[in-house]
file run-v3.cif (mmCIF, C-alpha atoms)
data_coords
#
loop_
_atom_site.label_atom_id
_atom_site.label_comp_id
_atom_site.auth_asym_id
_atom_site.auth_seq_id
_atom_site.Cartn_x
_atom_site.Cartn_y
_atom_site.Cartn_z
CA MET T 1 -13.82 -12.40 -17.49
CA SER T 2 -14.53 -8.81 -16.52
CA VAL T 3 -14.59 -7.78 -12.87
CA ASN T 4 -16.24 -4.64 -11.52
CA VAL T 5 -14.14 -2.91 -8.90
CA GLU T 6 -15.19 -0.34 -6.34
CA ARG T 7 -12.98 2.05 -4.38
CA CYS T 8 -13.84 2.73 -0.75
CA THR T 9 -12.38 4.38 2.32
CA VAL T 10 -12.30 2.94 5.83
CA ARG T 11 -12.01 5.68 8.44
CA PRO T 12 -9.87 5.44 11.60
CA GLY T 13 -11.59 3.48 14.34
CA GLN T 14 -13.31 1.15 11.90
CA ASP T 15 -12.15 -2.29 10.92
CA ARG T 16 -14.15 -2.97 7.74
CA TYR T 17 -12.03 -5.26 5.57
CA GLY T 18 -9.51 -5.58 8.42
CA GLU T 19 -9.41 -9.38 8.40
CA ALA T 20 -9.47 -9.46 4.58
CA ALA T 21 -6.49 -7.06 4.59
CA TRP T 22 -4.67 -9.32 7.06
CA GLU T 23 -5.34 -12.36 4.86
CA LEU T 24 -4.13 -10.56 1.72
CA LYS T 25 -1.00 -9.40 3.53
CA GLU T 26 -0.38 -12.92 4.81
CA GLN T 27 -0.84 -14.40 1.32
CA ILE T 28 1.86 -12.02 0.07
CA ARG T 29 4.10 -12.79 3.06
CA ARG T 30 3.90 -16.53 2.41
CA THR T 31 4.71 -16.26 -1.29
CA GLU T 32 7.11 -13.29 -1.36
CA GLY T 33 8.61 -13.21 2.13
CA VAL T 34 7.69 -9.55 2.74
CA LEU T 35 5.07 -7.73 4.84
CA LYS T 36 5.99 -9.56 8.04
CA GLN T 37 4.02 -8.18 10.97
CA ARG T 38 2.40 -9.66 14.03
CA HIS T 39 -1.40 -9.85 13.88
CA GLY T 40 -1.93 -7.56 16.87
CA PHE T 41 0.42 -4.89 15.50
CA PHE T 42 -1.23 -5.04 12.09
CA THR T 43 -4.77 -4.87 13.52
CA ASP T 44 -3.98 -1.92 15.79
CA ALA T 45 -2.24 0.01 13.00
CA TYR T 46 -5.08 -0.76 10.56
CA ARG T 47 -7.71 0.55 12.99
CA ARG T 48 -5.76 3.76 13.64
CA SER T 49 -5.29 4.45 9.92
CA THR T 50 -7.34 5.72 7.05
CA VAL T 51 -7.46 2.77 4.69
CA TYR T 52 -8.08 3.17 0.97
CA CYS T 53 -9.37 -0.05 -0.59
CA TYR T 54 -10.30 -1.63 -3.89
CA VAL T 55 -12.86 -4.42 -3.70
CA THR T 56 -14.65 -6.45 -6.33
CA GLU T 57 -18.39 -5.81 -6.54
CA GLY T 58 -21.00 -8.52 -6.51
CA GLU T 59 -22.48 -11.10 -4.20
CA SER T 60 -19.23 -11.51 -2.33
CA GLU T 61 -16.83 -8.61 -2.10
CA THR T 62 -13.15 -9.47 -2.40
CA LEU T 63 -10.45 -7.08 -1.22
CA ILE T 64 -7.91 -6.77 -4.04
CA GLY T 65 -5.75 -3.95 -2.70
CA PHE T 66 -5.39 -1.49 0.15
CA ALA T 67 -3.20 1.28 1.54
CA ALA T 68 -3.31 1.98 5.29
CA VAL T 69 -2.16 5.56 5.92
CA ARG T 70 -1.36 7.57 9.04
CA ARG T 71 -2.68 11.11 9.38
CA ASP T 72 0.68 12.52 8.21
CA GLY T 73 0.59 10.68 4.85
CA TYR T 74 2.90 7.86 5.91
CA VAL T 75 1.88 4.60 4.21
CA LEU T 76 1.99 1.87 6.85
CA PHE T 77 0.85 -0.94 4.56
CA LEU T 78 0.35 -1.20 0.82
CA ALA T 79 -0.75 -4.47 -0.74
CA VAL T 80 -2.29 -5.54 -4.04
CA ALA T 81 -3.35 -9.11 -4.73
CA PRO T 82 -0.83 -10.72 -7.12
CA GLU T 83 -3.49 -11.49 -9.73
CA PHE T 84 -4.38 -7.77 -9.95
CA ARG T 85 -0.85 -6.37 -10.13
CA GLY T 86 0.01 -4.49 -13.27
CA ASP T 87 -3.56 -3.18 -13.55
CA GLY T 88 -2.77 0.17 -11.88
CA PHE T 89 -4.34 -0.43 -8.48
CA GLY T 90 -1.14 0.24 -6.49
CA ARG T 91 -0.52 3.39 -8.51
CA GLN T 92 -4.10 4.56 -7.92
CA LEU T 93 -3.84 3.87 -4.18
CA ILE T 94 -0.70 6.01 -3.94
CA SER T 95 -2.36 8.68 -6.10
CA THR T 96 -5.30 8.76 -3.68
CA VAL T 97 -2.92 9.17 -0.76
CA ALA T 98 -1.11 12.00 -2.59
CA ASP T 99 -4.45 13.72 -3.26
CA ASN T 100 -5.37 13.62 0.44
CA TYR T 101 -2.08 14.46 2.20
CA SER T 102 0.57 17.14 1.82
CA GLY T 103 3.32 14.52 1.66
CA VAL T 104 3.58 10.77 1.11
CA SER T 105 6.26 8.61 2.68
CA CYS T 106 6.90 4.97 3.58
CA HIS T 107 9.56 2.42 4.38
CA ALA T 108 10.53 -0.44 2.08
CA ARG T 109 12.80 -3.37 2.81
CA THR T 110 16.17 -2.83 1.10
CA THR T 111 15.96 -6.32 -0.39
CA ASN T 112 12.42 -5.91 -1.78
CA GLU T 113 13.40 -5.08 -5.35
CA SER T 114 9.86 -5.16 -6.76
CA ALA T 115 8.60 -2.66 -4.16
CA LEU T 116 11.60 -0.40 -4.69
CA LYS T 117 11.08 -0.44 -8.48
CA PHE T 118 7.38 0.32 -7.98
CA TYR T 119 8.05 3.27 -5.69
CA GLU T 120 10.87 4.58 -7.90
CA HIS T 121 8.59 4.41 -10.96
CA LEU T 122 6.06 6.59 -9.14
CA GLY T 123 8.70 9.16 -8.23
CA PHE T 124 9.61 8.23 -4.67
CA GLU T 125 13.12 9.14 -3.59
CA ILE T 126 15.25 7.35 -1.03
CA GLU T 127 15.97 9.73 1.82
CA ARG T 128 17.95 7.40 4.04
CA ARG T 129 18.73 3.81 4.93
CA VAL T 130 17.57 2.62 8.35
CA SER T 131 19.61 -0.26 9.79
CA SER T 132 17.71 -3.04 11.57
CA TYR T 133 14.36 -1.34 10.96
CA TYR T 134 12.38 -4.56 10.83
CA GLU T 135 11.77 -6.90 13.74
CA ASP T 136 13.85 -9.60 12.04
CA GLY T 137 16.82 -7.20 11.80
CA GLY T 138 16.31 -6.32 8.13
CA ASP T 139 17.23 -2.87 6.84
CA ALA T 140 14.79 -0.45 5.23
CA TYR T 141 14.87 2.62 3.04
CA TYR T 142 12.81 5.61 4.09
CA LEU T 143 11.15 6.88 0.91
CA ARG T 144 9.35 10.13 0.18
CA LEU T 145 7.31 10.97 -2.90
CA GLY T 146 9.12 13.70 -4.83
CA GLU T 147 7.32 16.93 -5.73
CA ASP T 148 6.91 16.04 -9.40
CA GLY T 149 6.88 12.27 -8.94
CA LEU T 150 3.35 11.09 -9.30
CA ALA T 151 1.76 13.89 -11.28
CA ASP T 152 3.17 13.12 -14.65
CA LYS T 153 3.16 9.40 -14.29
CA ILE T 154 -0.51 9.35 -13.27
CA SER T 155 -1.53 11.70 -16.07
CA ARG T 156 -0.32 9.10 -18.58
CA PHE T 157 -2.31 6.33 -16.90
CA VAL T 158 -5.67 5.63 -18.49
CA GLY T 159 -8.16 3.37 -16.81
CA LEU T 160 -9.81 2.64 -13.51
#

call {"tool": "encode", "arguments": {"input": "run-v3.cif", "output": "structure tokens"}}
result
Amino acid sequence: MSVNVERCTVRPGQDRYGEAAWELKEQIRRTEGVLKQRHGFFTDAYRRSTVYCYVTEGESETLIGFAAVRRDGYVLFLAVAPEFRGDGFGRQLISTVADNYSGVSCHARTTNESALKFYEHLGFEIERRVSSYYEDGGDAYYLRLGEDGLADKISRFVGL
């Protein structure tokens, strides 16, 4: 079955798709044990960010992926629904961030191998390890998109 997907941007101060983003993040947290934030923290950060989204078109829109980004290009949250992974949505979200900011950075849990592989594939580089970064005491890597990272990987991507 084919699904039509639309890209949209939610500006700071707005909360369109905010609850849908929370639910998607929570779905991932329950199944993968990552993206652990308190609801209030998440909601406040979402509203302060520019959020790039992919939603299905039709009678009922469904949020399938989003990236919440601070004004300095730091990705606070990146999530893609498991059933849409491998279709290039995460890559396109990061590409959109790279097109709109002079630099792209984020943190990733040191034990989140799938996220680290994803970011490495796009050309992110580990700049440092941050001990006890997460509320539960988990460590994180601070990652920054390298100068040549995304450009050549995106140019080979066809679709969307």

call {"tool": "atom_distance", "arguments": {"input": "run-v3.cif", "atom1": "atom CA of T:Pro82", "atom2": "atom CA of T:Ile64"}}
result
8.7 Å

call {"tool": "resolve_selection", "arguments": {"input": "run-v3.cif", "expression": "the PyMOL selection byres ((chain T and resi 37-46) around 12)", "output": "MDAnalysis selection string"}}
result
chainID T and resid 10:23 25:26 28:30 33:36 47:53 66:71 74:78 134:136

call {"tool": "resolve_selection", "arguments": {"input": "run-v3.cif", "expression": "the PyMOL selection byres ((chain T and resi 80) around 6)", "output": "PyMOL selection string"}}
result
chain T and resi 64-65+79+81

call {"tool": "resolve_selection", "arguments": {"input": "run-v3.cif", "expression": "the PyMOL selection byres ((chain T and resi 112) around 12)", "output": "PDB file with C-alpha atoms, in the frame of the given file"}}
result
ATOM      1  CA  ARG T  29       4.100 -12.790   3.060  1.00  0.00           C
ATOM      2  CA  GLU T  32       7.110 -13.290  -1.360  1.00  0.00           C
ATOM      3  CA  GLY T  33       8.610 -13.210   2.130  1.00  0.00           C
ATOM      4  CA  VAL T  34       7.690  -9.550   2.740  1.00  0.00           C
ATOM      5  CA  LEU T  35       5.070  -7.730   4.840  1.00  0.00           C
ATOM      6  CA  HIS T 107       9.560   2.420   4.380  1.00  0.00           C
ATOM      7  CA  ALA T 108      10.530  -0.440   2.080  1.00  0.00           C
ATOM      8  CA  ARG T 109      12.800  -3.370   2.810  1.00  0.00           C
ATOM      9  CA  THR T 110      16.170  -2.830   1.100  1.00  0.00           C
ATOM     10  CA  THR T 111      15.960  -6.320  -0.390  1.00  0.00           C
ATOM     11  CA  GLU T 113      13.400  -5.080  -5.350  1.00  0.00           C
ATOM     12  CA  SER T 114       9.860  -5.160  -6.760  1.00  0.00           C
ATOM     13  CA  ALA T 115       8.600  -2.660  -4.160  1.00  0.00           C
ATOM     14  CA  LEU T 116      11.600  -0.400  -4.690  1.00  0.00           C
ATOM     15  CA  LYS T 117      11.080  -0.440  -8.480  1.00  0.00           C
ATOM     16  CA  PHE T 118       7.380   0.320  -7.980  1.00  0.00           C
ATOM     17  CA  TYR T 119       8.050   3.270  -5.690  1.00  0.00           C
ATOM     18  CA  GLY T 138      16.310  -6.320   8.130  1.00  0.00           C
ATOM     19  CA  ASP T 139      17.230  -2.870   6.840  1.00  0.00           C
ATOM     20  CA  ALA T 140      14.790  -0.450   5.230  1.00  0.00           C
ATOM     21  CA  TYR T 141      14.870   2.620   3.040  1.00  0.00           C
TER      22      TYR T 141
END

call {"tool": "atom_distance", "arguments": {"input": "run-v3.cif", "atom1": "atom CA of T:Arg91", "atom2": "atom CA of T:Leu122"}}
result
7.3 Å

call {"tool": "residues_around", "arguments": {"input": "run-v3.cif", "residues": "stretch 54-57 of chain T", "least_positions_apart": "6", "cutoff": "6 Å", "atoms": "all atoms listed in the file", "output": "ChimeraX atom specification"}}
result
/T:4-7,63-65

call {"tool": "atom_distance", "arguments": {"input": "run-v3.cif", "atom1": "atom CA of T:Phe84", "atom2": "atom CA of T:Val3"}}
result
10.6 Å

call {"tool": "residues_around", "arguments": {"input": "run-v3.cif", "residues": "T:Val104", "least_positions_apart": "5", "cutoff": "8 Å", "atoms": "all atoms listed in the file", "output": "PyMOL selection string"}}
result
chain T and resi 72-75+97-98+144-145

call {"tool": "build_atoms", "arguments": {"input": "run-v3.cif", "residues": "stretch 12-38 of chain T", "atoms": "N, CA and C atoms", "output": "PDB file, keeping the file's coordinate frame"}}
result
ATOM      1  N   PRO T  12     -10.477   5.891  10.345  1.00  0.00           N
ATOM      2  CA  PRO T  12      -9.870   5.440  11.600  1.00  0.00           C
ATOM      3  C   PRO T  12     -10.946   5.042  12.613  1.00  0.00           C
ATOM      4  N   GLY T  13     -10.656   3.981  13.353  1.00  0.00           N
ATOM      5  CA  GLY T  13     -11.590   3.480  14.340  1.00  0.00           C
ATOM      6  C   GLY T  13     -12.487   2.377  13.814  1.00  0.00           C
ATOM      7  N   GLN T  14     -12.502   2.204  12.513  1.00  0.00           N
ATOM      8  CA  GLN T  14     -13.310   1.150  11.900  1.00  0.00           C
ATOM      9  C   GLN T  14     -12.408   0.003  11.491  1.00  0.00           C
ATOM     10  N   ASP T  15     -12.983  -1.171  11.356  1.00  0.00           N
ATOM     11  CA  ASP T  15     -12.150  -2.290  10.920  1.00  0.00           C
ATOM     12  C   ASP T  15     -12.736  -3.036   9.726  1.00  0.00           C
ATOM     13  N   ARG T  16     -13.600  -2.355   8.965  1.00  0.00           N
ATOM     14  CA  ARG T  16     -14.150  -2.970   7.740  1.00  0.00           C
ATOM     15  C   ARG T  16     -12.998  -3.429   6.861  1.00  0.00           C
ATOM     16  N   TYR T  17     -13.055  -4.610   6.398  1.00  0.00           N
ATOM     17  CA  TYR T  17     -12.030  -5.260   5.570  1.00  0.00           C
ATOM     18  C   TYR T  17     -10.736  -5.553   6.329  1.00  0.00           C
ATOM     19  N   GLY T  18     -10.728  -5.351   7.640  1.00  0.00           N
ATOM     20  CA  GLY T  18      -9.510  -5.580   8.420  1.00  0.00           C
ATOM     21  C   GLY T  18      -8.987  -7.005   8.315  1.00  0.00           C
ATOM     22  N   GLU T  19      -9.844  -7.979   8.492  1.00  0.00           N
ATOM     23  CA  GLU T  19      -9.410  -9.380   8.400  1.00  0.00           C
ATOM     24  C   GLU T  19      -9.054  -9.744   6.961  1.00  0.00           C
ATOM     25  N   ALA T  20      -9.788  -9.206   5.998  1.00  0.00           N
ATOM     26  CA  ALA T  20      -9.470  -9.460   4.580  1.00  0.00           C
ATOM     27  C   ALA T  20      -8.097  -8.864   4.245  1.00  0.00           C
ATOM     28  N   ALA T  21      -7.797  -7.684   4.807  1.00  0.00           N
ATOM     29  CA  ALA T  21      -6.490  -7.060   4.590  1.00  0.00           C
ATOM     30  C   ALA T  21      -5.392  -7.922   5.210  1.00  0.00           C
ATOM     31  N   TRP T  22      -5.637  -8.430   6.417  1.00  0.00           N
ATOM     32  CA  TRP T  22      -4.670  -9.320   7.060  1.00  0.00           C
ATOM     33  C   TRP T  22      -4.421 -10.555   6.191  1.00  0.00           C
ATOM     34  N   GLU T  23      -5.480 -11.162   5.686  1.00  0.00           N
ATOM     35  CA  GLU T  23      -5.340 -12.360   4.860  1.00  0.00           C
ATOM     36  C   GLU T  23      -4.586 -12.075   3.570  1.00  0.00           C
ATOM     37  N   LEU T  24      -4.865 -10.935   2.936  1.00  0.00           N
ATOM     38  CA  LEU T  24      -4.130 -10.560   1.720  1.00  0.00           C
ATOM     39  C   LEU T  24      -2.661 -10.346   2.035  1.00  0.00           C
ATOM     40  N   LYS T  25      -2.380  -9.632   3.120  1.00  0.00           N
ATOM     41  CA  LYS T  25      -1.000  -9.400   3.530  1.00  0.00           C
ATOM     42  C   LYS T  25      -0.293 -10.713   3.816  1.00  0.00           C
ATOM     43  N   GLU T  26      -0.979 -11.627   4.485  1.00  0.00           N
ATOM     44  CA  GLU T  26      -0.380 -12.920   4.810  1.00  0.00           C
ATOM     45  C   GLU T  26      -0.138 -13.765   3.544  1.00  0.00           C
ATOM     46  N   GLN T  27      -1.041 -13.701   2.586  1.00  0.00           N
ATOM     47  CA  GLN T  27      -0.840 -14.400   1.320  1.00  0.00           C
ATOM     48  C   GLN T  27       0.462 -13.902   0.655  1.00  0.00           C
ATOM     49  N   ILE T  28       0.652 -12.604   0.662  1.00  0.00           N
ATOM     50  CA  ILE T  28       1.860 -12.020   0.070  1.00  0.00           C
ATOM     51  C   ILE T  28       3.091 -12.416   0.891  1.00  0.00           C
ATOM     52  N   ARG T  29       2.974 -12.405   2.205  1.00  0.00           N
ATOM     53  CA  ARG T  29       4.100 -12.790   3.060  1.00  0.00           C
ATOM     54  C   ARG T  29       4.536 -14.226   2.766  1.00  0.00           C
ATOM     55  N   ARG T  30       3.567 -15.120   2.657  1.00  0.00           N
ATOM     56  CA  ARG T  30       3.900 -16.530   2.410  1.00  0.00           C
ATOM     57  C   ARG T  30       4.582 -16.737   1.061  1.00  0.00           C
ATOM     58  N   THR T  31       4.152 -16.028   0.038  1.00  0.00           N
ATOM     59  CA  THR T  31       4.710 -16.260  -1.290  1.00  0.00           C
ATOM     60  C   THR T  31       5.937 -15.418  -1.596  1.00  0.00           C
ATOM     61  N   GLU T  32       6.026 -14.213  -1.009  1.00  0.00           N
ATOM     62  CA  GLU T  32       7.110 -13.290  -1.360  1.00  0.00           C
ATOM     63  C   GLU T  32       8.070 -13.013  -0.215  1.00  0.00           C
ATOM     64  N   GLY T  33       7.719 -13.417   0.999  1.00  0.00           N
ATOM     65  CA  GLY T  33       8.610 -13.210   2.130  1.00  0.00           C
ATOM     66  C   GLY T  33       8.699 -11.771   2.618  1.00  0.00           C
ATOM     67  N   VAL T  34       7.711 -10.941   2.286  1.00  0.00           N
ATOM     68  CA  VAL T  34       7.690  -9.550   2.740  1.00  0.00           C
ATOM     69  C   VAL T  34       6.395  -9.297   3.510  1.00  0.00           C
ATOM     70  N   LEU T  35       6.246  -8.121   4.052  1.00  0.00           N
ATOM     71  CA  LEU T  35       5.070  -7.730   4.840  1.00  0.00           C
ATOM     72  C   LEU T  35       4.917  -8.604   6.083  1.00  0.00           C
ATOM     73  N   LYS T  36       6.001  -8.744   6.817  1.00  0.00           N
ATOM     74  CA  LYS T  36       5.990  -9.560   8.040  1.00  0.00           C
ATOM     75  C   LYS T  36       5.639  -8.680   9.235  1.00  0.00           C
ATOM     76  N   GLN T  37       4.436  -8.865   9.754  1.00  0.00           N
ATOM     77  CA  GLN T  37       4.020  -8.180  10.970  1.00  0.00           C
ATOM     78  C   GLN T  37       3.256  -9.172  11.839  1.00  0.00           C
ATOM     79  N   ARG T  38       3.227  -8.874  13.123  1.00  0.00           N
ATOM     80  CA  ARG T  38       2.400  -9.660  14.030  1.00  0.00           C
ATOM     81  C   ARG T  38       0.945  -9.212  13.870  1.00  0.00           C
TER      82      ARG T  38
END
